[in-house]
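Structure file structure.csv with CSV, C-alpha atoms and all ligand atoms:
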```csv
chain,number,residue,atom,x,y,z
A,783,ALA,CA,154.8,127.2,91.0
A,784,GLY,CA,152.0,126.3,88.6
A,785,PRO,CA,148.5,127.6,88.8
A,786,PRO,CA,146.6,127.1,92.1
A,787,PRO,CA,144.4,124.0,92.4
A,788,LEU,CA,140.8,124.5,91.2
A,789,LEU,CA,139.6,123.5,94.6
A,790,GLU,CA,141.6,123.4,97.8
A,791,LEU,CA,140.2,122.4,101.3
A,792,ARG,CA,142.5,123.4,104.1
A,793,GLU,CA,142.2,121.9,107.6
A,794,LEU,CA,138.4,121.8,107.6
A,795,HIS,CA,136.7,121.3,111.0
A,796,VAL,CA,132.9,120.8,110.7
A,797,TYR,CA,130.6,120.2,113.6
A,798,TYR,CA,127.0,119.0,113.9
A,799,GLY,CA,126.2,120.3,117.4
A,800,VAL,CA,128.9,118.8,119.6
A,801,ILE,CA,129.8,116.1,117.0
A,802,GLU,CA,133.0,116.8,115.1
A,803,ALA,CA,132.3,115.4,111.7
A,804,LEU,CA,135.4,116.7,110.0
A,805,LYS,CA,138.6,116.8,112.0
A,806,GLY,CA,140.9,118.8,109.9
A,807,VAL,CA,140.3,117.6,106.3
A,808,SER,CA,142.7,119.0,103.6
A,809,LEU,CA,142.5,118.0,100.0
A,810,ALA,CA,143.1,119.5,96.6
A,811,VAL,CA,141.6,119.0,93.1
A,812,ALA,CA,143.4,120.3,90.0
A,813,GLU,CA,141.6,121.6,87.0
A,814,GLY,CA,140.6,118.7,84.7
A,815,GLU,CA,141.0,116.0,87.3
A,816,VAL,CA,138.6,113.3,88.5
A,817,VAL,CA,139.2,112.8,92.3
A,818,ALA,CA,137.4,110.1,94.3
A,819,LEU,CA,136.6,110.4,98.0
A,820,LEU,CA,136.2,107.0,99.6
A,821,GLY,CA,135.3,105.9,103.1
A,822,ALA,CA,132.9,103.9,105.2
A,823,ASN,CA,129.4,105.2,106.2
A,824,GLY,CA,129.7,108.2,108.5
A,825,ALA,CA,133.4,108.9,107.6
A,826,GLY,CA,132.5,112.4,106.5
A,827,LYS,CA,132.4,112.2,102.8
A,828,SER,CA,129.0,114.0,102.3
A,829,THR,CA,130.1,116.6,104.9
A,830,THR,CA,133.2,117.3,103.0
A,831,LEU,CA,131.3,117.9,99.8
A,832,LYS,CA,128.8,120.1,101.6
A,833,ALA,CA,131.6,122.2,103.1
A,834,ALA,CA,133.1,122.6,99.6
A,835,SER,CA,129.8,123.7,98.0
A,836,GLY,CA,128.9,126.2,100.8
A,837,MET,CA,125.9,124.1,102.1
A,838,LEU,CA,127.7,123.9,105.4
A,839,SER,CA,130.1,126.3,107.1
A,840,PRO,CA,133.3,124.9,108.6
A,841,ARG,CA,133.9,126.1,112.2
A,842,THR,CA,137.6,126.5,111.2
A,843,GLY,CA,139.5,125.9,108.0
A,844,GLU,CA,139.4,127.3,104.5
A,845,VAL,CA,137.9,126.6,101.1
A,846,TRP,CA,139.8,128.0,98.1
A,847,LEU,CA,138.5,128.1,94.6
A,848,ARG,CA,141.1,129.0,91.9
A,849,GLY,CA,143.3,130.7,94.5
A,850,GLU,CA,140.4,132.7,96.0
A,851,ARG,CA,139.0,132.1,99.4
A,852,VAL,CA,135.3,131.1,99.2
A,853,ASP,CA,134.3,129.7,102.6
A,854,GLY,CA,131.5,131.8,104.0
A,855,ILE,CA,130.0,132.3,100.5
A,856,ALA,CA,126.5,130.9,100.2
A,857,SER,CA,126.0,127.8,98.0
A,858,HIS,CA,123.8,129.6,95.5
A,859,ASP,CA,126.6,132.2,94.9
A,860,LEU,CA,129.1,129.4,94.6
A,861,VAL,CA,127.1,128.1,91.7
A,862,ARG,CA,127.8,131.3,89.9
A,863,LEU,CA,131.5,130.9,90.7
A,864,GLY,CA,131.6,127.5,89.1
A,865,ILE,CA,130.7,124.8,91.8
A,866,GLY,CA,127.9,122.4,91.0
A,867,HIS,CA,126.7,119.9,93.6
A,868,VAL,CA,124.7,116.7,92.9
A,869,PRO,CA,123.5,115.9,96.3
A,870,GLU,CA,123.1,112.4,97.9
A,871,GLY,CA,119.7,111.0,97.2
A,872,ARG,CA,119.4,113.2,94.0
A,873,ARG,CA,116.7,115.6,95.3
A,874,VAL,CA,114.9,115.9,92.0
A,875,PHE,CA,111.8,118.1,92.3
A,876,PRO,CA,109.1,115.3,92.0
A,877,ARG,CA,106.2,117.5,90.8
A,878,MET,CA,108.1,119.5,88.2
A,879,THR,CA,108.8,118.2,84.7
A,880,VAL,CA,112.2,117.2,83.5
A,881,LEU,CA,112.5,120.5,81.7
A,882,GLU,CA,111.5,122.5,84.7
A,883,ASN,CA,114.0,120.6,86.9
A,884,LEU,CA,116.7,121.4,84.4
A,885,ARG,CA,115.8,125.1,84.2
A,886,MET,CA,116.0,125.2,88.0
A,887,GLY,CA,119.7,124.4,87.7
A,888,ALA,CA,120.3,127.5,85.6
A,889,TYR,CA,118.2,130.0,87.6
A,890,ARG,CA,121.2,131.4,89.5
A,891,LEU,CA,123.0,132.3,86.3
A,892,ARG,CA,122.7,135.8,84.9
A,893,ARG,CA,122.3,134.4,81.4
A,894,PRO,CA,121.0,130.9,81.0
A,895,ASP,CA,122.5,129.3,77.9
A,896,PRO,CA,120.3,127.3,75.6
A,897,ALA,CA,123.4,125.4,74.5
A,898,ASP,CA,123.6,123.9,78.1
A,899,LEU,CA,120.2,122.3,77.6
A,900,GLU,CA,121.3,120.8,74.3
A,901,ARG,CA,124.5,119.5,76.0
A,902,VAL,CA,122.4,117.8,78.7
A,903,PHE,CA,120.0,116.3,76.2
A,904,THR,CA,122.9,115.0,74.1
A,905,LEU,CA,124.6,113.4,77.2
A,906,PHE,CA,121.2,112.0,78.4
A,907,PRO,CA,118.9,111.3,75.4
A,908,VAL,CA,116.4,109.7,77.8
A,909,LEU,CA,115.9,113.1,79.5
A,910,ALA,CA,115.1,114.7,76.1
A,911,ALA,CA,112.5,111.9,75.5
A,912,ARG,CA,111.0,112.5,78.9
A,913,ARG,CA,111.2,116.3,79.0
A,914,LYS,CA,107.5,116.8,79.8
A,915,GLN,CA,107.3,114.0,82.3
A,916,VAL,CA,107.3,114.9,86.0
A,917,GLY,CA,110.5,114.1,88.0
A,918,GLY,CA,108.8,111.8,90.5
A,919,THR,CA,107.8,109.3,87.9
A,920,LEU,CA,111.3,108.7,86.5
A,921,SER,CA,113.3,105.6,87.4
A,922,GLY,CA,116.1,105.9,89.9
A,923,GLY,CA,118.7,106.0,87.2
A,924,GLU,CA,116.8,108.6,85.2
A,925,GLN,CA,116.5,110.7,88.4
A,926,GLN,CA,120.2,110.5,88.9
A,927,MET,CA,120.8,111.6,85.3
A,928,LEU,CA,118.3,114.5,85.9
A,929,ALA,CA,120.2,115.5,89.1
A,930,ILE,CA,123.5,115.5,87.1
A,931,GLY,CA,121.9,117.3,84.2
A,932,ARG,CA,120.4,119.9,86.5
A,933,ALA,CA,123.8,120.6,88.0
A,934,LEU,CA,125.4,120.9,84.5
A,935,MET,CA,122.8,123.6,83.7
A,936,GLY,CA,124.7,125.8,86.2
A,937,LYS,CA,127.8,125.6,84.0
A,938,PRO,CA,130.0,124.2,86.7
A,939,GLU,CA,133.8,124.0,86.3
A,940,LEU,CA,133.8,121.7,89.2
A,941,LEU,CA,131.1,119.1,89.8
A,942,LEU,CA,130.7,117.5,93.2
A,943,LEU,CA,128.9,114.2,93.1
A,944,ASP,CA,127.6,112.5,96.2
A,945,GLU,CA,127.1,108.7,95.6
A,946,PRO,CA,125.8,108.8,92.0
A,947,SER,CA,125.6,105.0,92.0
A,948,MET,CA,123.5,104.6,95.1
A,949,GLY,CA,120.6,102.1,94.8
A,950,LEU,CA,121.1,101.7,91.0
A,951,ALA,CA,121.4,98.4,89.1
A,952,PRO,CA,125.0,97.6,87.8
A,953,LEU,CA,124.1,98.3,84.2
A,954,ILE,CA,122.8,101.8,85.0
A,955,VAL,CA,125.8,102.5,87.2
A,956,GLN,CA,128.0,101.6,84.3
A,957,GLN,CA,126.1,103.9,82.0
A,958,ILE,CA,126.3,106.8,84.5
A,959,PHE,CA,130.0,106.4,85.0
A,960,GLU,CA,130.6,106.4,81.2
A,961,ILE,CA,128.7,109.7,81.0
A,962,LEU,CA,130.7,111.1,83.9
A,963,ARG,CA,133.9,110.2,81.9
A,964,GLU,CA,132.4,112.1,78.9
A,965,ILE,CA,131.6,115.1,81.1
A,966,ASN,CA,135.1,115.1,82.4
A,967,ALA,CA,136.5,114.8,78.8
A,968,GLN,CA,134.4,117.9,77.9
A,969,GLY,CA,136.4,119.8,80.5
A,970,THR,CA,134.5,119.6,83.8
A,971,THR,CA,136.5,118.7,86.9
A,972,LEU,CA,134.9,116.0,89.1
A,973,LEU,CA,135.1,115.4,92.9
A,974,LEU,CA,133.2,112.1,93.5
A,975,VAL,CA,132.0,110.5,96.7
A,976,GLU,CA,131.4,106.8,96.3
A,977,GLN,CA,130.6,103.6,98.3
A,978,ASN,CA,131.4,101.9,95.0
A,979,ALA,CA,135.1,102.2,95.4
A,980,SER,CA,136.0,100.0,92.4
A,981,GLN,CA,133.9,102.0,89.9
A,982,ALA,CA,135.1,105.3,91.4
A,983,LEU,CA,138.8,104.4,91.2
A,984,GLN,CA,138.5,103.2,87.6
A,985,LEU,CA,137.2,106.6,86.6
A,986,ALA,CA,139.4,108.7,89.0
A,987,ASP,CA,142.9,110.0,88.5
A,988,ARG,CA,143.5,110.2,92.3
A,989,GLY,CA,141.7,109.4,95.5
A,990,TYR,CA,141.5,110.2,99.1
A,991,VAL,CA,140.3,107.8,101.9
A,992,LEU,CA,138.5,109.3,104.8
A,993,GLU,CA,138.1,107.6,108.2
A,994,THR,CA,136.1,109.2,111.0
A,995,GLY,CA,136.5,112.7,109.7
A,996,ALA,CA,140.1,112.6,108.7
A,997,VAL,CA,142.1,111.8,105.5
A,998,VAL,CA,144.1,108.6,106.2
A,999,MET,CA,145.3,107.9,102.7
A,1000,SER,CA,145.7,109.7,99.4
A,1001,ASP,CA,147.3,108.4,96.2
A,1002,ALA,CA,146.9,107.9,92.5
A,1003,ALA,CA,143.8,105.8,91.7
A,1004,PRO,CA,145.7,102.8,90.4
A,1005,ALA,CA,147.9,102.7,93.5
A,1006,LEU,CA,144.8,102.8,95.7
A,1007,LEU,CA,143.1,100.1,93.6
A,1008,SER,CA,146.0,97.8,94.3
A,1009,ASP,CA,146.5,98.8,97.9
A,1010,PRO,CA,145.8,95.8,100.2
A,1011,ARG,CA,144.2,98.0,102.9
A,1012,VAL,CA,141.9,99.6,100.4
A,1013,ARG,CA,141.1,96.3,98.8
A,1014,ALA,CA,140.2,94.8,102.2
A,1015,ALA,CA,138.2,97.8,103.5
A,1016,TYR,CA,136.5,99.1,100.4
A,1017,LEU,CA,136.6,96.5,97.6
A,1018,GLY,CA,135.1,93.7,99.7
A,1019,GLU,CA,138.3,91.6,99.5
A,1020,VAL,CA,140.0,89.7,102.3
B,1,LIG,P1,127.3,108.3,104.4
B,1,LIG,O1,127.7,107.6,103.2
B,1,LIG,O2,126.6,107.5,105.4
B,1,LIG,O3,126.5,109.6,104.1
B,1,LIG,P2,129.5,110.0,104.9
B,1,LIG,O4,130.9,109.5,104.9
B,1,LIG,O5,129.0,110.8,103.8
B,1,LIG,O6,128.6,108.8,105.1
B,1,LIG,P3,128.7,112.1,106.6
B,1,LIG,O7,127.2,112.0,106.2
B,1,LIG,O8,129.5,113.2,106.1
B,1,LIG,O9,129.4,110.7,106.3
B,1,LIG,O10,128.6,112.1,108.2
B,1,LIG,C1,129.8,112.3,109.0
B,1,LIG,C2,129.4,112.2,110.5
B,1,LIG,O11,128.6,113.3,110.8
B,1,LIG,C3,128.7,110.9,110.9
B,1,LIG,O12,129.1,110.6,112.2
B,1,LIG,C4,127.3,111.4,110.9
B,1,LIG,O13,126.5,110.6,111.8
B,1,LIG,C5,127.3,112.8,111.3
B,1,LIG,N1,126.3,113.6,110.8
B,1,LIG,C6,126.0,113.8,109.4
B,1,LIG,N2,125.0,114.6,109.3
B,1,LIG,C7,124.5,115.0,110.5
B,1,LIG,C8,123.5,115.8,111.0
B,1,LIG,N3,122.7,116.4,110.1
B,1,LIG,N4,123.3,115.9,112.3
B,1,LIG,C9,124.2,115.2,113.2
B,1,LIG,N5,125.2,114.5,112.8
B,1,LIG,C10,125.4,114.3,111.5
```

Final structure tokens representation of the file:
Amino acid sequence: AGPPPLLELRELHVYYGVIEALKGVSLAVAEGEVVALLGANGAGKSTTLKAASGMLSPRTGEVWLRGERVDGIASHDLVRLGIGHVPEGRRVFPRMTVLENLRMGAYRLRRPDPADLERVFTLFPVLAARRKQVGGTLSGGEQQMLAIGRALMGKPELLLLDEPSMGLAPLIVQQIFEILREINAQGTTLLLVEQNASQALQLADRGYVLETGAVVMSDAAPALLSDPRVRAAYLGEV
């Protein structure tokens, strides 16, 4: 057998009170891959990412990182182990400057690396130009870039992205996906939740489709892109 997957979720069951949001979700992400997680509103995509990053504890099931079991480890410690999470809605600190927001992404590291800041500013020149501006005054696209940049400051091997295209104009979405491709080419593995299935599958190597808390399909991205069920349900085609 080859190396273990970078991330493996095994039979996750997650509850909100009495609501079972994940009903036994299993998936794997190999090092270097881009994996897309698709599904309708409420299917459990965000919950899956939160369980992977330690923001939520599964009632049963396991999370494995590089062959080590990590469920039960708090999210801030998982940052140190290599998991970065770009949450839904970006959650930029509105009163902090761009630079302060970025530094927050590194504060869990024992040794913040100045090269990481350079990397973020090279990927997102607009953040360098606006480094002294407070987060709340950035455009939606710039806030999304800042949220991604902040996560990169934690030196993630695996970046979890929750709806990076949400609420953004098509041109900005295009830009952000090009930068995600570059981040992946630089060696960071991506697990991406998207409503924009077409964009996501063009970037991804593989994808999973979630319905009401369970994986109902998983395949190579081109196969999903041409699957009639996927096209009807997630690509707005009849
Ligand atoms: P969306 O794109 O709308 O965020 P999603 O696929 O990410 O959808 P989740 O947010 O993971 O879905 O939600 C899965 C299920 O859990 C839904 O039925 C949702 O209503 C429920 N849920 C999510 N968060 C909570 C919460 N904090 N309290 C109670 N129920 C929740």

Inset, instruction - Find the residues near Met878 (chain A): any atom within 10 Å, counting all atoms listed in the file, skip ones fewer than 6 places away on the same chain, and give them as an NGL selection string. - result: :A and (884 or 886 or 914-918)

Legend entry - For Phe906 (chain A), the nearest of the candidates A:Leu860, A:Pro786, A:Glu960, A:Leu941, counting all atoms listed in the file: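 So, comparing all the options, the nearest one is A:Glu960.
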
Legend entry - Expected selection as number ranges by chain for ligand LIG 1 (chain B) within 8 Å, all atoms listed in the file: A: 797-799, 801-804, 820-830, 870, 944-945, 975-977, 992, 994-995

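The smallest atom-to-atom distance between Ser947 (chain A) and any of A:Ser857, A:Ser921, A:Thr970, A:Gln981, using all atoms listed in the file, is found for A:Gln981.
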
Inset, instruction - Would you please work out which residue, of A:Leu943, A:Ala812, A:Ala1015, A:Ala1005, is nearest to Glu993 (chain A) when using all atoms listed in the file? - result: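 Selected residue with least distance to Glu993 (chain A): A:Ala1015.
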
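Across the model, the gap from CA of Thr842 (chain A) to CA of Gly854 (chain A) is 10.8 Å.
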
Region 862-886 of chain A rebuilt with N, CA, C and O atoms, output as a PDB file, keeping the file's coordinate frame:
```
ATOM      1  N   ARG A 862     127.398 130.304  90.863  1.00  0.00           N
ATOM      2  CA  ARG A 862     127.800 131.300  89.900  1.00  0.00           C
ATOM      3  C   ARG A 862     129.367 131.318  89.740  1.00  0.00           C
ATOM      4  O   ARG A 862     129.896 131.670  88.698  1.00  0.00           O
ATOM      5  N   LEU A 863     130.071 130.925  90.805  1.00  0.00           N
ATOM      6  CA  LEU A 863     131.500 130.900  90.700  1.00  0.00           C
ATOM      7  C   LEU A 863     132.047 129.572  90.154  1.00  0.00           C
ATOM      8  O   LEU A 863     133.245 129.374  90.007  1.00  0.00           O
ATOM      9  N   GLY A 864     131.129 128.648  89.857  1.00  0.00           N
ATOM     10  CA  GLY A 864     131.600 127.500  89.100  1.00  0.00           C
ATOM     11  C   GLY A 864     131.503 126.139  89.865  1.00  0.00           C
ATOM     12  O   GLY A 864     132.038 125.139  89.381  1.00  0.00           O
ATOM     13  N   ILE A 865     130.855 126.116  91.041  1.00  0.00           N
ATOM     14  CA  ILE A 865     130.700 124.800  91.800  1.00  0.00           C
ATOM     15  C   ILE A 865     129.315 124.306  91.641  1.00  0.00           C
ATOM     16  O   ILE A 865     128.357 124.981  91.992  1.00  0.00           O
ATOM     17  N   GLY A 866     129.187 123.098  91.115  1.00  0.00           N
ATOM     18  CA  GLY A 866     127.900 122.400  91.000  1.00  0.00           C
ATOM     19  C   GLY A 866     127.885 121.239  91.990  1.00  0.00           C
ATOM     20  O   GLY A 866     128.900 120.565  92.140  1.00  0.00           O
ATOM     21  N   HIS A 867     126.757 120.988  92.638  1.00  0.00           N
ATOM     22  CA  HIS A 867     126.700 119.900  93.600  1.00  0.00           C
ATOM     23  C   HIS A 867     125.503 118.995  93.247  1.00  0.00           C
ATOM     24  O   HIS A 867     124.381 119.462  93.113  1.00  0.00           O
ATOM     25  N   VAL A 868     125.792 117.724  93.071  1.00  0.00           N
ATOM     26  CA  VAL A 868     124.700 116.700  92.900  1.00  0.00           C
ATOM     27  C   VAL A 868     124.592 115.996  94.205  1.00  0.00           C
ATOM     28  O   VAL A 868     125.432 115.179  94.562  1.00  0.00           O
ATOM     29  N   PRO A 869     123.540 116.332  94.966  1.00  0.00           N
ATOM     30  CA  PRO A 869     123.500 115.900  96.300  1.00  0.00           C
ATOM     31  C   PRO A 869     123.151 114.372  96.459  1.00  0.00           C
ATOM     32  O   PRO A 869     122.623 113.769  95.521  1.00  0.00           O
ATOM     33  N   GLU A 870     123.465 113.817  97.626  1.00  0.00           N
ATOM     34  CA  GLU A 870     123.100 112.400  97.900  1.00  0.00           C
ATOM     35  C   GLU A 870     121.561 112.329  97.837  1.00  0.00           C
ATOM     36  O   GLU A 870     120.833 113.230  98.260  1.00  0.00           O
ATOM     37  N   GLY A 871     121.093 111.243  97.253  1.00  0.00           N
ATOM     38  CA  GLY A 871     119.700 111.000  97.200  1.00  0.00           C
ATOM     39  C   GLY A 871     118.991 111.847  96.063  1.00  0.00           C
ATOM     40  O   GLY A 871     117.768 111.895  95.969  1.00  0.00           O
ATOM     41  N   ARG A 872     119.838 112.518  95.228  1.00  0.00           N
ATOM     42  CA  ARG A 872     119.400 113.200  94.000  1.00  0.00           C
ATOM     43  C   ARG A 872     118.538 114.417  94.154  1.00  0.00           C
ATOM     44  O   ARG A 872     118.716 115.379  93.446  1.00  0.00           O
ATOM     45  N   ARG A 873     117.516 114.380  95.048  1.00  0.00           N
ATOM     46  CA  ARG A 873     116.700 115.600  95.300  1.00  0.00           C
ATOM     47  C   ARG A 873     116.127 116.227  94.066  1.00  0.00           C
ATOM     48  O   ARG A 873     116.142 117.449  93.902  1.00  0.00           O
ATOM     49  N   VAL A 874     115.615 115.383  93.187  1.00  0.00           N
ATOM     50  CA  VAL A 874     114.900 115.900  92.000  1.00  0.00           C
ATOM     51  C   VAL A 874     113.552 116.468  92.525  1.00  0.00           C
ATOM     52  O   VAL A 874     112.990 115.998  93.508  1.00  0.00           O
ATOM     53  N   PHE A 875     113.061 117.542  91.894  1.00  0.00           N
ATOM     54  CA  PHE A 875     111.800 118.100  92.300  1.00  0.00           C
ATOM     55  C   PHE A 875     110.673 117.184  91.686  1.00  0.00           C
ATOM     56  O   PHE A 875     110.493 117.169  90.460  1.00  0.00           O
ATOM     57  N   PRO A 876     109.939 116.440  92.533  1.00  0.00           N
ATOM     58  CA  PRO A 876     109.100 115.300  92.000  1.00  0.00           C
ATOM     59  C   PRO A 876     107.906 115.816  91.183  1.00  0.00           C
ATOM     60  O   PRO A 876     107.456 115.101  90.300  1.00  0.00           O
ATOM     61  N   ARG A 877     107.374 117.010  91.470  1.00  0.00           N
ATOM     62  CA  ARG A 877     106.200 117.500  90.800  1.00  0.00           C
ATOM     63  C   ARG A 877     106.502 118.347  89.564  1.00  0.00           C
ATOM     64  O   ARG A 877     105.616 118.797  88.844  1.00  0.00           O
ATOM     65  N   MET A 878     107.761 118.668  89.394  1.00  0.00           N
ATOM     66  CA  MET A 878     108.100 119.500  88.200  1.00  0.00           C
ATOM     67  C   MET A 878     108.544 118.547  87.087  1.00  0.00           C
ATOM     68  O   MET A 878     109.045 117.447  87.319  1.00  0.00           O
ATOM     69  N   THR A 879     108.371 119.012  85.870  1.00  0.00           N
ATOM     70  CA  THR A 879     108.800 118.200  84.700  1.00  0.00           C
ATOM     71  C   THR A 879     110.312 118.181  84.640  1.00  0.00           C
ATOM     72  O   THR A 879     111.008 118.960  85.304  1.00  0.00           O
ATOM     73  N   VAL A 880     110.783 117.282  83.804  1.00  0.00           N
ATOM     74  CA  VAL A 880     112.200 117.200  83.500  1.00  0.00           C
ATOM     75  C   VAL A 880     112.769 118.539  83.103  1.00  0.00           C
ATOM     76  O   VAL A 880     113.783 119.020  83.618  1.00  0.00           O
ATOM     77  N   LEU A 881     112.068 119.172  82.176  1.00  0.00           N
ATOM     78  CA  LEU A 881     112.500 120.500  81.700  1.00  0.00           C
ATOM     79  C   LEU A 881     112.559 121.523  82.766  1.00  0.00           C
ATOM     80  O   LEU A 881     113.519 122.295  82.876  1.00  0.00           O
ATOM     81  N   GLU A 882     111.520 121.534  83.603  1.00  0.00           N
ATOM     82  CA  GLU A 882     111.500 122.500  84.700  1.00  0.00           C
ATOM     83  C   GLU A 882     112.602 122.239  85.714  1.00  0.00           C
ATOM     84  O   GLU A 882     113.241 123.174  86.206  1.00  0.00           O
ATOM     85  N   ASN A 883     112.851 120.961  86.012  1.00  0.00           N
ATOM     86  CA  ASN A 883     114.000 120.600  86.900  1.00  0.00           C
ATOM     87  C   ASN A 883     115.276 121.144  86.317  1.00  0.00           C
ATOM     88  O   ASN A 883     116.091 121.722  87.039  1.00  0.00           O
ATOM     89  N   LEU A 884     115.469 120.943  85.017  1.00  0.00           N
ATOM     90  CA  LEU A 884     116.700 121.400  84.400  1.00  0.00           C
ATOM     91  C   LEU A 884     116.838 122.907  84.445  1.00  0.00           C
ATOM     92  O   LEU A 884     117.916 123.444  84.736  1.00  0.00           O
ATOM     93  N   ARG A 885     115.742 123.595  84.196  1.00  0.00           N
ATOM     94  CA  ARG A 885     115.800 125.100  84.200  1.00  0.00           C
ATOM     95  C   ARG A 885     116.115 125.574  85.627  1.00  0.00           C
ATOM     96  O   ARG A 885     116.762 126.610  85.775  1.00  0.00           O
ATOM     97  N   MET A 886     115.682 124.824  86.665  1.00  0.00           N
ATOM     98  CA  MET A 886     116.000 125.200  88.000  1.00  0.00           C
ATOM     99  C   MET A 886     117.532 125.264  88.241  1.00  0.00           C
ATOM    100  O   MET A 886     118.034 126.036  89.049  1.00  0.00           O
TER     101      MET A 886
END
```
